[in-house]
>>> print(open('data16.csv').read())   # CSV, C-alpha atoms
chain,number,residue,atom,x,y,z
A,1,MET,CA,-8.5,3.1,22.6
A,2,THR,CA,-5.6,5.2,21.3
A,3,ALA,CA,-6.5,7.4,18.3
A,4,PRO,CA,-4.7,6.6,15.0
A,5,LEU,CA,-1.5,8.6,14.4
A,6,VAL,CA,-1.2,10.4,11.1
A,7,THR,CA,2.2,12.0,10.1
A,8,ILE,CA,2.2,14.9,7.7
A,9,LEU,CA,5.4,15.4,5.7
A,10,ASP,CA,5.1,18.6,3.7
A,11,ASP,CA,7.4,21.6,3.4
A,12,GLU,CA,4.5,24.1,3.3
A,13,PRO,CA,3.5,25.1,6.9
A,14,GLU,CA,0.0,26.2,5.8
A,15,ILE,CA,-0.8,22.7,4.4
A,16,ARG,CA,0.6,21.0,7.5
A,17,SER,CA,-1.5,23.2,9.7
A,18,MET,CA,-4.7,22.8,7.6
A,19,LEU,CA,-4.4,19.0,7.6
A,20,ALA,CA,-3.5,18.8,11.3
A,21,ASP,CA,-6.6,20.9,12.2
A,22,ALA,CA,-8.9,18.8,10.1
A,23,LEU,CA,-7.5,15.5,11.3
A,24,ASN,CA,-7.4,16.6,15.0
A,25,GLU,CA,-11.0,17.7,14.7
A,26,ALA,CA,-11.8,14.2,13.2
A,27,GLY,CA,-10.3,12.5,16.2
A,28,PHE,CA,-6.8,11.6,14.9
A,29,ARG,CA,-3.4,12.3,16.5
A,30,THR,CA,-1.0,14.1,14.2
A,31,MET,CA,2.7,14.9,13.9
A,32,GLY,CA,3.9,17.4,11.3
A,33,PHE,CA,7.3,17.7,9.5
A,34,GLY,CA,8.8,20.0,7.0
A,35,ARG,CA,11.9,18.0,6.1
A,36,ALA,CA,12.4,14.3,5.4
A,37,THR,CA,15.3,14.1,7.9
A,38,GLU,CA,13.1,15.2,10.7
A,39,PHE,CA,10.4,12.7,9.7
A,40,GLU,CA,12.9,9.8,9.5
A,41,ALA,CA,14.3,10.7,12.9
A,42,ALA,CA,10.8,10.6,14.4
A,43,LEU,CA,10.1,7.2,13.0
A,44,LYS,CA,12.7,5.8,15.4
A,45,THR,CA,10.3,6.3,18.3
A,46,ALA,CA,6.9,6.9,16.6
A,47,THR,CA,4.7,4.3,14.9
A,48,PRO,CA,2.3,6.1,12.6
A,49,ASP,CA,-0.8,4.4,11.2
A,50,VAL,CA,-0.9,6.7,8.1
A,51,CYS,CA,1.9,8.7,6.5
A,52,LEU,CA,0.9,11.6,4.3
A,53,VAL,CA,3.9,12.4,2.1
A,54,ASP,CA,4.5,15.3,-0.3
A,55,LEU,CA,6.8,14.5,-3.2
A,56,SER,CA,8.5,17.9,-3.5
A,57,LEU,CA,10.7,18.0,-0.4
A,58,PRO,CA,13.7,20.3,0.2
A,59,ASP,CA,16.1,17.6,1.4
A,60,LYS,CA,15.1,14.2,-0.1
A,61,ASP,CA,13.3,12.7,-3.1
A,62,GLY,CA,9.8,12.0,-2.0
A,63,LEU,CA,9.3,9.0,-4.3
A,64,THR,CA,12.4,7.3,-2.8
A,65,LEU,CA,11.0,7.9,0.7
A,66,VAL,CA,7.6,6.5,-0.3
A,67,HIS,CA,9.2,3.3,-1.6
A,68,ARG,CA,11.2,2.8,1.6
A,69,LEU,CA,8.1,3.5,3.8
A,70,ALA,CA,6.1,1.0,1.8
A,71,LEU,CA,8.7,-1.7,2.4
A,72,GLU,CA,9.7,-1.0,6.0
A,73,GLN,CA,6.7,0.5,7.7
A,74,GLY,CA,3.4,-1.1,8.4
A,75,ALA,CA,1.6,2.2,7.9
A,76,THR,CA,-0.6,3.2,5.0
A,77,VAL,CA,1.2,5.6,2.7
A,78,ILE,CA,-0.7,8.4,1.0
A,79,ILE,CA,1.0,10.8,-1.4
A,80,ILE,CA,-0.2,14.4,-1.4
A,81,SER,CA,1.3,16.3,-4.4
A,82,GLY,CA,0.8,19.0,-6.9
A,83,ARG,CA,2.1,16.6,-9.6
A,84,ALA,CA,-1.1,15.9,-11.5
A,85,GLN,CA,0.1,13.9,-14.5
A,86,VAL,CA,-1.0,10.3,-14.9
A,87,GLN,CA,2.6,9.1,-15.0
A,88,ASP,CA,3.3,10.8,-11.7
A,89,ARG,CA,0.3,9.0,-10.1
A,90,VAL,CA,1.3,5.7,-11.7
A,91,THR,CA,4.9,6.0,-10.5
A,92,GLY,CA,3.8,6.8,-6.9
A,93,LEU,CA,1.4,3.8,-6.8
A,94,GLU,CA,4.0,1.5,-8.4
A,95,LEU,CA,6.5,2.4,-5.7
A,96,GLY,CA,4.1,1.3,-3.0
A,97,ALA,CA,1.8,4.2,-2.1
A,98,ASP,CA,-1.7,3.2,-1.1
A,99,ASP,CA,-3.3,6.3,-2.5
A,100,TYR,CA,-2.5,9.6,-4.3
A,101,ILE,CA,-4.2,12.9,-3.6
A,102,ILE,CA,-3.6,15.8,-5.9
A,103,LYS,CA,-3.2,19.4,-4.6
A,104,PRO,CA,-5.2,21.5,-4.1
A,105,PHE,CA,-7.5,19.4,-2.1
A,106,ASP,CA,-10.3,19.7,0.4
A,107,PRO,CA,-9.0,18.5,3.9
A,108,ALA,CA,-12.4,16.7,4.3
A,109,GLU,CA,-11.5,14.5,1.3
A,110,VAL,CA,-8.1,13.6,2.9
A,111,VAL,CA,-9.9,12.7,6.2
A,112,ALA,CA,-12.4,10.6,4.3
A,113,ARG,CA,-9.7,8.8,2.3
A,114,ILE,CA,-7.7,8.0,5.5
A,115,ARG,CA,-10.8,6.7,7.2
A,116,ALA,CA,-11.6,4.4,4.3
A,117,ARG,CA,-8.1,3.1,4.2
A,118,LEU,CA,-8.1,2.3,7.9
A,119,ARG,CA,-11.5,0.7,7.7
A,120,ARG,CA,-10.2,-1.7,5.0
A,121,GLY,CA,-7.1,-2.5,7.2
A,122,GLN,CA,-9.3,-3.2,10.2
A,123,ALA,CA,-11.7,-5.4,8.2
A,124,ALA,CA,-9.0,-7.5,6.5
A,125,PRO,CA,-7.6,-9.5,9.6
A,126,GLN,CA,-10.8,-11.5,10.1
A,127,SER,CA,-9.2,-14.3,8.2
A,128,GLY,CA,-6.0,-14.1,10.3
A,129,ASN,CA,-2.5,-12.6,9.9
A,130,THR,CA,-0.7,-15.7,8.7
A,131,ALA,CA,-1.5,-17.7,5.6
A,132,ARG,CA,0.3,-20.8,4.3
A,133,PHE,CA,0.2,-21.8,0.6
A,134,ASN,CA,2.3,-24.0,-1.7
A,135,GLY,CA,5.5,-23.9,0.4
A,136,TRP,CA,5.1,-20.3,1.4
A,137,THR,CA,4.0,-18.5,4.5
A,138,ALA,CA,2.7,-14.9,4.4
A,139,HIS,CA,3.0,-13.0,7.6
A,140,PHE,CA,0.7,-10.0,7.3
A,141,ASP,CA,1.6,-8.6,10.7
A,142,SER,CA,5.3,-8.2,9.7
A,143,TYR,CA,4.9,-7.9,5.9
A,144,ILE,CA,7.2,-10.9,5.3
A,145,LEU,CA,7.0,-13.9,2.8
A,146,GLU,CA,8.8,-16.9,4.1
A,147,ASP,CA,9.8,-19.9,2.0
A,148,GLU,CA,10.2,-23.6,3.1
A,149,GLU,CA,13.9,-23.0,4.0
A,150,GLY,CA,13.0,-20.0,6.2
A,151,VAL,CA,14.3,-17.4,3.7
A,152,GLU,CA,12.4,-14.2,4.2
A,153,THR,CA,11.3,-11.6,1.6
A,154,PRO,CA,9.6,-8.4,2.6
A,155,PHE,CA,6.6,-7.1,0.8
A,156,SER,CA,5.0,-3.6,0.9
A,157,HIS,CA,1.7,-2.7,2.5
A,158,ALA,CA,0.2,-2.1,-1.0
A,159,GLU,CA,1.5,-5.5,-2.2
A,160,GLY,CA,0.1,-7.1,0.9
A,161,GLU,CA,-3.4,-5.8,0.2
A,162,VAL,CA,-3.3,-7.5,-3.2
A,163,LEU,CA,-1.8,-10.7,-1.8
A,164,ARG,CA,-4.4,-10.9,0.9
A,165,LEU,CA,-7.2,-10.4,-1.6
A,166,PHE,CA,-5.9,-13.4,-3.6
A,167,LEU,CA,-5.4,-15.6,-0.5
A,168,GLU,CA,-8.9,-14.8,0.8
A,169,ARG,CA,-10.4,-15.8,-2.6
A,170,PRO,CA,-8.4,-18.8,-3.9
A,171,LYS,CA,-9.5,-20.4,-7.1
A,172,ARG,CA,-12.1,-17.7,-7.8
A,173,LEU,CA,-12.0,-15.2,-10.6
A,174,ILE,CA,-11.1,-11.7,-9.3
A,175,SER,CA,-12.1,-9.0,-11.8
A,176,ARG,CA,-10.5,-5.6,-12.1
A,177,ALA,CA,-13.8,-4.1,-10.9
A,178,VAL,CA,-13.6,-6.3,-7.7
A,179,MET,CA,-10.0,-5.2,-7.1
A,180,GLN,CA,-10.9,-1.5,-7.5
A,181,GLU,CA,-13.9,-1.8,-5.2
A,182,THR,CA,-12.0,-3.8,-2.5
A,183,LEU,CA,-8.6,-2.0,-2.6
A,184,GLY,CA,-9.9,1.5,-3.3
A,185,GLY,CA,-8.6,4.1,-5.6
A,186,ALA,CA,-10.0,5.7,-8.7
A,187,ALA,CA,-10.7,3.4,-11.6
A,188,GLY,CA,-8.7,4.1,-14.7
A,189,GLU,CA,-5.3,3.8,-16.4
A,190,SER,CA,-3.3,4.7,-13.3
A,191,PHE,CA,-5.1,2.1,-11.1
A,192,ASP,CA,-4.8,-0.7,-13.7
A,193,ARG,CA,-1.1,-0.1,-14.3
A,194,ALA,CA,-0.4,0.1,-10.5
A,195,MET,CA,-2.2,-3.3,-10.1
A,196,ASP,CA,-0.2,-4.8,-12.9
A,197,VAL,CA,3.0,-3.7,-11.3
A,198,ARG,CA,2.1,-5.0,-7.8
A,199,ILE,CA,1.0,-8.4,-9.2
A,200,SER,CA,4.3,-8.6,-11.3
A,201,ARG,CA,6.3,-7.9,-8.1
A,202,LEU,CA,4.4,-10.5,-6.1
A,203,ARG,CA,5.1,-13.0,-8.9
A,204,THR,CA,8.8,-12.2,-8.7
A,205,LYS,CA,8.8,-12.5,-4.9
A,206,LEU,CA,7.0,-15.9,-5.2
A,207,ARG,CA,9.6,-16.9,-7.8
A,208,GLU,CA,7.0,-17.5,-10.5
A,209,ASP,CA,7.9,-18.2,-14.1
A,210,PRO,CA,6.6,-15.0,-15.8
A,211,LYS,CA,5.8,-17.0,-19.0
A,212,ASN,CA,3.9,-19.7,-17.0
A,213,PRO,CA,2.9,-18.6,-13.5
A,214,ARG,CA,1.7,-21.4,-11.3
A,215,LEU,CA,-0.1,-19.3,-8.6
A,216,ILE,CA,-1.4,-16.0,-10.0
A,217,LYS,CA,-3.0,-16.7,-13.3
A,218,THR,CA,-4.1,-13.9,-15.7
A,219,ILE,CA,-7.4,-14.5,-17.3
A,220,TYR,CA,-7.2,-12.1,-20.2
A,221,GLY,CA,-10.1,-9.7,-20.5
A,222,ALA,CA,-11.5,-11.0,-17.1
A,223,GLY,CA,-9.1,-10.7,-14.3
A,224,TYR,CA,-7.0,-13.0,-12.2
A,225,ILE,CA,-7.3,-16.4,-10.4
A,226,PHE,CA,-5.1,-17.5,-7.5
A,227,LEU,CA,-4.5,-21.2,-7.9
A,228,GLY,CA,-2.8,-22.1,-4.6
A,229,ASP,CA,-4.2,-24.1,-1.7
A,230,VAL,CA,-4.4,-21.7,1.3
A,231,ASN,CA,-4.6,-22.4,5.0
A,232,TRP,CA,-5.0,-19.5,7.4
A,233,GLY,CA,-3.9,-19.4,11.1
>>> encode(input="data16.csv", output="structure tokens")
Amino acid sequence: MTAPLVTILDDEPEIRSMLADALNEAGFRTMGFGRATEFEAALKTATPDVCLVDLSLPDKDGLTLVHRLALEQGATVIIISGRAQVQDRVTGLELGADDYIIKPFDPAEVVARIRARLRRGQAAPQSGNTARFNGWTAHFDSYILEDEEGVETPFSHAEGEVLRLFLERPKRLISRAVMQETLGGAAGESFDRAMDVRISRLRTKLREDPKNPRLIKTIYGAGYIFLGDVNWG
């Protein structure tokens, strides 16, 4: 079995080397890049399982890159940044990152976070990679929502995690605590706001009426319920 590939995009050679050493020792393959253009060129031939992305890059805005990766790549996207403000973390998660690790960090923590993310990704497909519900088809292998006319709308890896959680538990209350435990991430304001944004984006992609959503219902003070009829396979 081929070891998972982790790309490291950071303009500090010491950090790239430190992370590569820790990840290689833990059994991962790694590729390191100091500039976004080098990283984007490599993506034409490489298919990473996890992308570690610093936000302060010399040639491109890191947040813009994170957003594109979340929509176009099937990889888990983890931000590694010295920006420690809550708003920075919220923005990164809102744009599609799966996790946010603040510098300075222990490489062992990064390895543990990556392993946890990959375990969740491997456990999820037990129900299948295609779900049909209320005129929609969700393709989790290609991160595409398809309507009855065949019109396709992409969704990010992070949005897909939330959608799968709903589709695997239809017509059951899903509390914030369950979402945090299942999807990972530190509980608190940044996690709650990131979930709100992902759910809002899913509603938009499912063409829900924001004042009266038919599929993803908010139960104030308790959580959410997905009201659709779901068939997997």
>>> closest_residue(input="data16.csv", among="A:Glu94, A:Ile114, A:Arg207, A:Ser81", to="Leu5 (chain A)", atoms="only C-alpha atoms")
A:Ile114
>>> residues_around(input="data16.csv", residues="region 142-144 of chain A", least_positions_apart="3", cutoff="12 Å", atoms="only C-alpha atoms", output="JSON, numbers by chain")
{"A": [70, 71, 72, 73, 74, 75, 129, 130, 131, 136, 137, 138, 139, 147, 150, 151, 152, 153, 154, 155, 156, 157, 158, 159, 160, 161, 163, 164, 202, 205, 206]}
>>> residues_around(input="data16.csv", residues="Gly32 (chain A)", least_positions_apart="6", cutoff="7 Å", atoms="all atoms listed in the file", output="list of chain:residue names")
A:Thr7, A:Ile8, A:Leu9, A:Arg16
>>> write_last_selection(input="data16.csv", atoms="C-alpha atoms", output="PDB file, in the frame of the given file")
ATOM      1  CA  THR A   7       2.200  12.000  10.100  1.00  0.00           C
ATOM      2  CA  ILE A   8       2.200  14.900   7.700  1.00  0.00           C
ATOM      3  CA  LEU A   9       5.400  15.400   5.700  1.00  0.00           C
ATOM      4  CA  ARG A  16       0.600  21.000   7.500  1.00  0.00           C
TER       5      ARG A  16
END
>>> closest_residue(input="data16.csv", among="A:Met18, A:Thr64, A:Arg89, A:Val53", to="Asp106 (chain A)", atoms="all atoms listed in the file")
A:Met18
>>> atom_distance(input="data16.csv", atom1="CA of Ala22 (chain A)", atom2="CA of Val110 (chain A)")
8.9 Å
>>> closest_residue(input="data16.csv", among="A:Ile101, A:Cys51, A:Glu14, A:Thr204", to="Gln85 (chain A)", atoms="all atoms listed in the file")
A:Ile101
>>> residues_near_point(input="data16.csv", point="(-7.7, -19.4, -8.2)", cutoff="9 Å", atoms="only C-alpha atoms", output="ChimeraX atom specification")
/A:166-167,169-174,215-217,224-229
>>> write_last_selection(input="data16.csv", atoms="C-alpha atoms", output="PDB file, keeping the file's coordinate frame")
ATOM      1  CA  PHE A 166      -5.900 -13.400  -3.600  1.00  0.00           C
ATOM      2  CA  LEU A 167      -5.400 -15.600  -0.500  1.00  0.00           C
ATOM      3  CA  ARG A 169     -10.400 -15.800  -2.600  1.00  0.00           C
ATOM      4  CA  PRO A 170      -8.400 -18.800  -3.900  1.00  0.00           C
ATOM      5  CA  LYS A 171      -9.500 -20.400  -7.100  1.00  0.00           C
ATOM      6  CA  ARG A 172     -12.100 -17.700  -7.800  1.00  0.00           C
ATOM      7  CA  LEU A 173     -12.000 -15.200 -10.600  1.00  0.00           C
ATOM      8  CA  ILE A 174     -11.100 -11.700  -9.300  1.00  0.00           C
ATOM      9  CA  LEU A 215      -0.100 -19.300  -8.600  1.00  0.00           C
ATOM     10  CA  ILE A 216      -1.400 -16.000 -10.000  1.00  0.00           C
ATOM     11  CA  LYS A 217      -3.000 -16.700 -13.300  1.00  0.00           C
ATOM     12  CA  TYR A 224      -7.000 -13.000 -12.200  1.00  0.00           C
ATOM     13  CA  ILE A 225      -7.300 -16.400 -10.400  1.00  0.00           C
ATOM     14  CA  PHE A 226      -5.100 -17.500  -7.500  1.00  0.00           C
ATOM     15  CA  LEU A 227      -4.500 -21.200  -7.900  1.00  0.00           C
ATOM     16  CA  GLY A 228      -2.800 -22.100  -4.600  1.00  0.00           C
ATOM     17  CA  ASP A 229      -4.200 -24.100  -1.700  1.00  0.00           C
TER      18      ASP A 229
END
>>> closest_residue(input="data16.csv", among="A:Arg176, A:Arg119, A:Lys103, A:Arg201", to="Ile15 (chain A)", atoms="only C-alpha atoms")
A:Lys103
>>> closest_residue(input="data16.csv", among="A:Leu69, A:Ile199, A:Ala222, A:Val6", to="Ser175 (chain A)", atoms="only C-alpha atoms")
A:Ala222
>>> atom_distance(input="data16.csv", atom1="CA of Pro210 (chain A)", atom2="CA of Asp192 (chain A)")
18.4 Å
>>> residues_near_point(input="data16.csv", point="(4.9, 7.8, -6.8)", cutoff="12 Å", atoms="all atoms listed in the file", output="number ranges by chain")
A: 53-56, 61-70, 77-102, 190, 194
>>> residues_around(input="data16.csv", residues="region 23-29 of chain A", least_positions_apart="4", cutoff="6 Å", atoms="only C-alpha atoms", output="ChimeraX atom specification")
/A:3-5,19
>>> atom_distance(input="data16.csv", atom1="CA of Leu118 (chain A)", atom2="CA of Ala36 (chain A)")
23.9 Å
